[in-house]
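Source file: start01.pdb. Holds: PDB, C-alpha atoms, pLDDT in the B column.
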```pdb
ATOM      1  CA  MET Q   1      24.177  33.196  -4.744  1.00 37.00           C
ATOM      2  CA  LEU Q   2      26.882  30.804  -5.901  1.00 42.00           C
ATOM      3  CA  ILE Q   3      26.317  27.471  -7.538  1.00 44.00           C
ATOM      4  CA  LYS Q   4      29.084  25.137  -6.476  1.00 45.00           C
ATOM      5  CA  ARG Q   5      30.089  22.246  -8.654  1.00 46.00           C
ATOM      6  CA  THR Q   6      32.911  19.969  -7.597  1.00 47.00           C
ATOM      7  CA  SER Q   7      32.495  16.674  -9.430  1.00 48.00           C
ATOM      8  CA  ILE Q   8      32.823  17.976 -12.987  1.00 49.00           C
ATOM      9  CA  ASN Q   9      36.141  18.737 -14.631  1.00 51.00           C
ATOM     10  CA  THR Q  10      35.426  18.968 -18.342  1.00 52.00           C
ATOM     11  CA  GLY Q  11      37.217  21.985 -19.724  1.00 53.00           C
ATOM     12  CA  ASN Q  12      34.860  24.927 -20.137  1.00 53.00           C
ATOM     13  CA  CYS Q  13      32.313  23.520 -17.709  1.00 53.00           C
ATOM     14  CA  ALA Q  14      34.693  23.295 -14.757  1.00 49.00           C
ATOM     15  CA  ASN Q  15      34.753  26.960 -13.790  1.00 52.00           C
ATOM     16  CA  ILE Q  16      31.395  28.307 -14.876  1.00 50.00           C
ATOM     17  CA  PHE Q  17      29.533  26.970 -11.864  1.00 54.00           C
ATOM     18  CA  ASN Q  18      31.614  28.803  -9.262  1.00 56.00           C
ATOM     19  CA  ILE Q  19      30.847  32.379 -10.329  1.00 55.00           C
ATOM     20  CA  LYS Q  20      27.889  34.678  -9.789  1.00 61.00           C
ATOM     21  CA  ILE Q  21      25.433  34.331 -12.608  1.00 56.00           C
ATOM     22  CA  GLU Q  22      22.257  36.023 -13.716  1.00 66.00           C
ATOM     23  CA  LYS Q  23      20.488  33.105 -15.386  1.00 72.00           C
ATOM     24  CA  LYS Q  24      20.711  30.571 -12.576  1.00 76.00           C
ATOM     25  CA  MET Q  25      17.735  28.426 -13.505  1.00 79.00           C
ATOM     26  CA  GLU Q  26      18.866  27.872 -17.088  1.00 82.00           C
ATOM     27  CA  LEU Q  27      22.338  27.044 -15.875  1.00 81.00           C
ATOM     28  CA  ILE Q  28      20.997  24.632 -13.260  1.00 83.00           C
ATOM     29  CA  LYS Q  29      19.030  22.825 -15.986  1.00 86.00           C
ATOM     30  CA  LEU Q  30      22.162  22.684 -18.121  1.00 85.00           C
ATOM     31  CA  GLN Q  31      24.084  21.346 -15.143  1.00 87.00           C
ATOM     32  CA  GLU Q  32      21.568  18.507 -14.783  1.00 89.00           C
ATOM     33  CA  LYS Q  33      21.841  17.730 -18.497  1.00 89.00           C
ATOM     34  CA  ILE Q  34      25.635  17.730 -18.218  1.00 89.00           C
ATOM     35  CA  ASP Q  35      25.462  15.356 -15.245  1.00 90.00           C
ATOM     36  CA  THR Q  36      23.198  13.014 -17.183  1.00 90.00           C
ATOM     37  CA  THR Q  37      25.494  13.121 -20.199  1.00 90.00           C
ATOM     38  CA  LEU Q  38      28.570  12.441 -18.066  1.00 90.00           C
ATOM     39  CA  ASN Q  39      26.819   9.482 -16.435  1.00 91.00           C
ATOM     40  CA  ASN Q  40      25.941   8.131 -19.881  1.00 89.00           C
ATOM     41  CA  ILE Q  41      29.571   8.514 -20.980  1.00 89.00           C
ATOM     42  CA  ASP Q  42      30.773   6.664 -17.867  1.00 90.00           C
ATOM     43  CA  LYS Q  43      28.317   3.827 -18.510  1.00 90.00           C
ATOM     44  CA  LEU Q  44      29.434   3.555 -22.128  1.00 88.00           C
ATOM     45  CA  GLN Q  45      33.093   3.462 -21.103  1.00 87.00           C
ATOM     46  CA  SER Q  46      32.449   0.689 -18.596  1.00 87.00           C
ATOM     47  CA  GLN Q  47      30.460  -1.259 -21.205  1.00 86.00           C
ATOM     48  CA  LYS Q  48      33.357  -0.947 -23.645  1.00 84.00           C
ATOM     49  CA  LYS Q  49      35.841  -2.013 -21.006  1.00 84.00           C
ATOM     50  CA  ASN Q  50      33.868  -5.012 -19.728  1.00 85.00           C
ATOM     51  CA  ALA Q  51      32.716  -6.392 -23.077  1.00 85.00           C
ATOM     52  CA  GLY Q  52      33.406 -10.103 -23.403  1.00 86.00           C
ATOM     53  CA  VAL Q  53      34.868 -10.556 -19.940  1.00 88.00           C
ATOM     54  CA  PRO Q  54      32.321 -13.071 -18.576  1.00 89.00           C
ATOM     55  CA  GLU Q  55      32.579 -15.276 -21.654  1.00 90.00           C
ATOM     56  CA  ALA Q  56      36.374 -15.184 -21.565  1.00 91.00           C
ATOM     57  CA  VAL Q  57      36.481 -15.972 -17.846  1.00 92.00           C
ATOM     58  CA  VAL Q  58      34.171 -18.978 -18.206  1.00 93.00           C
ATOM     59  CA  THR Q  59      36.155 -20.317 -21.158  1.00 93.00           C
ATOM     60  CA  GLY Q  60      39.435 -19.707 -19.340  1.00 91.00           C
ATOM     61  CA  VAL Q  61      38.260 -21.487 -16.209  1.00 93.00           C
ATOM     62  CA  VAL Q  62      37.060 -24.486 -18.215  1.00 94.00           C
ATOM     63  CA  GLY Q  63      40.423 -24.493 -20.027  1.00 93.00           C
ATOM     64  CA  ALA Q  64      42.357 -24.334 -16.756  1.00 92.00           C
ATOM     65  CA  LEU Q  65      40.327 -27.194 -15.284  1.00 93.00           C
ATOM     66  CA  THR Q  66      40.858 -29.260 -18.417  1.00 93.00           C
ATOM     67  CA  LEU Q  67      44.590 -28.552 -18.342  1.00 92.00           C
ATOM     68  CA  GLY Q  68      44.656 -29.554 -14.664  1.00 92.00           C
ATOM     69  CA  GLY Q  69      42.844 -32.776 -15.446  1.00 91.00           C
ATOM     70  CA  GLY Q  70      45.401 -33.627 -18.113  1.00 91.00           C
ATOM     71  CA  MET Q  71      48.272 -32.868 -15.758  1.00 90.00           C
ATOM     72  CA  SER Q  72      46.693 -35.057 -13.091  1.00 89.00           C
ATOM     73  CA  MET Q  73      46.418 -37.945 -15.524  1.00 88.00           C
ATOM     74  CA  ILE Q  74      50.116 -37.637 -16.353  1.00 87.00           C
ATOM     75  CA  MET Q  75      51.231 -37.428 -12.721  1.00 88.00           C
ATOM     76  CA  CYS Q  76      48.891 -39.855 -10.971  1.00 86.00           C
ATOM     77  CA  MET Q  77      48.327 -42.662 -13.448  1.00 83.00           C
ATOM     78  CA  SER Q  78      51.013 -44.928 -14.795  1.00 83.00           C
ATOM     79  CA  GLY Q  79      51.229 -46.107 -18.341  1.00 85.00           C
ATOM     80  CA  VAL Q  80      52.015 -44.679 -21.723  1.00 86.00           C
ATOM     81  CA  ALA Q  81      48.339 -44.534 -22.734  1.00 87.00           C
ATOM     82  CA  TYR Q  82      47.473 -42.392 -19.718  1.00 85.00           C
ATOM     83  CA  MET Q  83      50.437 -40.132 -20.358  1.00 88.00           C
ATOM     84  CA  ALA Q  84      49.493 -39.640 -24.022  1.00 90.00           C
ATOM     85  CA  SER Q  85      45.854 -38.973 -23.196  1.00 90.00           C
ATOM     86  CA  GLY Q  86      46.884 -36.628 -20.355  1.00 90.00           C
ATOM     87  CA  ILE Q  87      49.066 -34.635 -22.758  1.00 91.00           C
ATOM     88  CA  ALA Q  88      46.210 -34.497 -25.271  1.00 93.00           C
ATOM     89  CA  ILE Q  89      43.764 -33.306 -22.615  1.00 92.00           C
ATOM     90  CA  GLY Q  90      46.295 -30.712 -21.422  1.00 92.00           C
ATOM     91  CA  VAL Q  91      46.728 -29.394 -24.958  1.00 94.00           C
ATOM     92  CA  VAL Q  92      42.932 -29.114 -25.256  1.00 94.00           C
ATOM     93  CA  GLY Q  93      42.934 -27.122 -21.999  1.00 93.00           C
ATOM     94  CA  LEU Q  94      45.573 -24.764 -23.357  1.00 93.00           C
ATOM     95  CA  GLY Q  95      43.523 -24.398 -26.525  1.00 94.00           C
ATOM     96  CA  LEU Q  96      40.445 -23.499 -24.497  1.00 93.00           C
ATOM     97  CA  GLY Q  97      42.432 -20.835 -22.652  1.00 91.00           C
ATOM     98  CA  PHE Q  98      43.534 -19.365 -25.975  1.00 93.00           C
ATOM     99  CA  LEU Q  99      39.958 -19.598 -27.243  1.00 93.00           C
ATOM    100  CA  GLY Q 100      38.818 -17.500 -24.260  1.00 91.00           C
ATOM    101  CA  TRP Q 101      41.220 -14.759 -25.317  1.00 91.00           C
ATOM    102  CA  LEU Q 102      39.950 -14.917 -28.901  1.00 92.00           C
ATOM    103  CA  ILE Q 103      36.329 -14.782 -27.753  1.00 91.00           C
ATOM    104  CA  HIS Q 104      37.076 -11.749 -25.569  1.00 90.00           C
ATOM    105  CA  ASN Q 105      38.732  -9.883 -28.439  1.00 90.00           C
ATOM    106  CA  LYS Q 106      35.941 -10.673 -30.891  1.00 92.00           C
ATOM    107  CA  ILE Q 107      33.148  -9.625 -28.529  1.00 91.00           C
ATOM    108  CA  GLN Q 108      35.034  -6.478 -27.522  1.00 89.00           C
ATOM    109  CA  LYS Q 109      35.581  -5.415 -31.143  1.00 90.00           C
ATOM    110  CA  LYS Q 110      31.913  -6.031 -31.934  1.00 91.00           C
ATOM    111  CA  LYS Q 111      30.845  -4.021 -28.880  1.00 88.00           C
ATOM    112  CA  LEU Q 112      33.258  -1.185 -29.737  1.00 88.00           C
ATOM    113  CA  THR Q 113      31.880  -0.826 -33.253  1.00 89.00           C
ATOM    114  CA  LYS Q 114      28.361  -0.773 -31.819  1.00 90.00           C
ATOM    115  CA  LEU Q 115      29.068   1.738 -29.024  1.00 87.00           C
ATOM    116  CA  GLU Q 116      31.474   4.121 -30.757  1.00 89.00           C
ATOM    117  CA  PRO Q 117      28.820   6.214 -32.578  1.00 90.00           C
ATOM    118  CA  ILE Q 118      26.775   6.487 -29.377  1.00 89.00           C
ATOM    119  CA  TYR Q 119      29.890   7.471 -27.431  1.00 88.00           C
ATOM    120  CA  GLN Q 120      30.818  10.147 -29.963  1.00 90.00           C
ATOM    121  CA  SER Q 121      27.287  11.557 -29.972  1.00 90.00           C
ATOM    122  CA  GLU Q 122      27.373  11.804 -26.163  1.00 89.00           C
ATOM    123  CA  LEU Q 123      30.711  13.635 -26.333  1.00 89.00           C
ATOM    124  CA  ASP Q 124      29.289  16.018 -28.929  1.00 90.00           C
ATOM    125  CA  LYS Q 125      26.236  16.570 -26.750  1.00 90.00           C
ATOM    126  CA  LEU Q 126      28.504  17.338 -23.778  1.00 89.00           C
ATOM    127  CA  SER Q 127      30.501  19.797 -25.846  1.00 90.00           C
ATOM    128  CA  ASP Q 128      27.330  21.563 -27.008  1.00 89.00           C
ATOM    129  CA  LEU Q 129      26.023  21.786 -23.447  1.00 87.00           C
ATOM    130  CA  CYS Q 130      29.303  23.253 -22.210  1.00 86.00           C
ATOM    131  CA  GLU Q 131      29.311  25.846 -25.000  1.00 88.00           C
ATOM    132  CA  GLU Q 132      25.707  26.743 -24.201  1.00 86.00           C
ATOM    133  CA  ALA Q 133      26.569  27.145 -20.529  1.00 82.00           C
ATOM    134  CA  ALA Q 134      29.569  29.299 -21.392  1.00 82.00           C
ATOM    135  CA  LYS Q 135      27.310  31.580 -23.470  1.00 83.00           C
ATOM    136  CA  LEU Q 136      24.926  31.979 -20.550  1.00 77.00           C
ATOM    137  CA  VAL Q 137      27.728  33.046 -18.236  1.00 75.00           C
ATOM    138  CA  LYS Q 138      29.195  35.679 -20.558  1.00 73.00           C
TER     139      LYS Q 138
END
```
So, in terms of C-alpha cells, how does the structure I just supplied come out?
Amino acid sequence: MLIKRTSINTGNCANIFNIKIEKKMELIKLQEKIDTTLNNIDKLQSQKKNAGVPEAVVTGVVGALTLGGGMSMIMCMSGVAYMASGIAIGVVGLGLGFLGWLIHNKIQKKKLTKLEPIYQSELDKLSDLCEEAAKLVK
C-alpha cells in the first residue's frame, strides 16, 4: 500500500511518503505531526507579516482624512487665515500618515522579536520529524 502525500515539499519529507514502507502507522503519525507543525509555521508567518497592519491603516486613514480636510479649507474658503489653518491641518494629516508607518514598524519589530524563538523551535521540530521519518523508511 502506498501513502500519497502531495501538499508537503520540505526536503527530506517530500519523497518518503510515496514509497512502500513497512512501518506505516508510525509514519502516518509522523505525517500528522508534520502537518500540524507546517500549519503552525504558516500561522506564525502570517502573524509576522500582518503585525501592526490594522493600527497603521487606521492611523493612515485618519491622516488622509485630515489632509483632505486641510486641502478643502485651502480650496473652498477664502482668506489668509483659512489658508494658513488649512496648510497647518494638511501638515498634521501628513504627520499622521508618517506616524502610521512608524507605528507599523514598531509593532512589527516587537512581534518579530516575540515570534522568532517560537518560529525557530517549530522549524527545528519539523527538521527532527523529517529525520525521524527518514530513519523509518530506511
- Message: Please report the interatomic distance between atom CA of Q:Lys114 and atom CA of Q:Cys130 in Å with one decimal.
- Response: 25.9 Å
- Task: Tell me, as an MDAnalysis selection string, which residues lie within 12 Å of Q:Ala84, counting all atoms listed in the file; anything in the same chain fewer than 6 positions away does not count.
- Result: chainID Q and resid 70:71 73:75 77:78 90:91
- Counting only C-alpha atoms, the residue among Q:Leu123, Q:Val137, Q:Val53, Q:Leu65 that lies closest to Q:Asn40 is Q:Leu123
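Here the residues that fall within 12 Å of (36.7, -26.2, -18.5), using only C-alpha atoms, are given as Ala56, Val57, Val58, Thr59, Gly60, Val61, Val62, Gly63, Ala64, Leu65, Thr66, Leu67, Gly68, Gly69, Gly70, Ile89, Gly90, Val92, Gly93, Leu94, Gly95, Leu96, Gly97, Leu99 and Gly100 of chain Q.
Residue selection for this entry, given the PyMOL selection byres ((chain Q and resi 132) around 12), comprises Q:Asn12, Q:Cys13, Q:Ile16, Q:Glu26, Q:Leu27, Q:Lys29, Q:Leu30, Q:Gln31, Q:Lys33, Q:Ile34, Q:Lys125, Q:Leu126, Q:Ser127, Q:Asp128, Q:Leu129, Q:Cys130, Q:Glu131, Q:Ala133, Q:Ala134, Q:Lys135, Q:Leu136, Q:Val137, Q:Lys138.
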- Message: Please enumerate the residues selected by the PyMOL selection byres ((chain Q and resi 41-48) around 7) when evaluated against the supplied file, formatted as a list in words.
- Response: Thr37, Leu38, Asn39, Asn40, Lys49, Asn50, Ala51, Gln108, Lys111, Leu112, Tyr119 and Glu122 of chain Q
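When atom CA of Q:Asp124 is paired with atom CA of Q:Glu32, their separation reads 16.3 Å.
Here atom CA of Q:Ile28 stands at a distance of 22.1 Å from atom CA of Q:Ser121.
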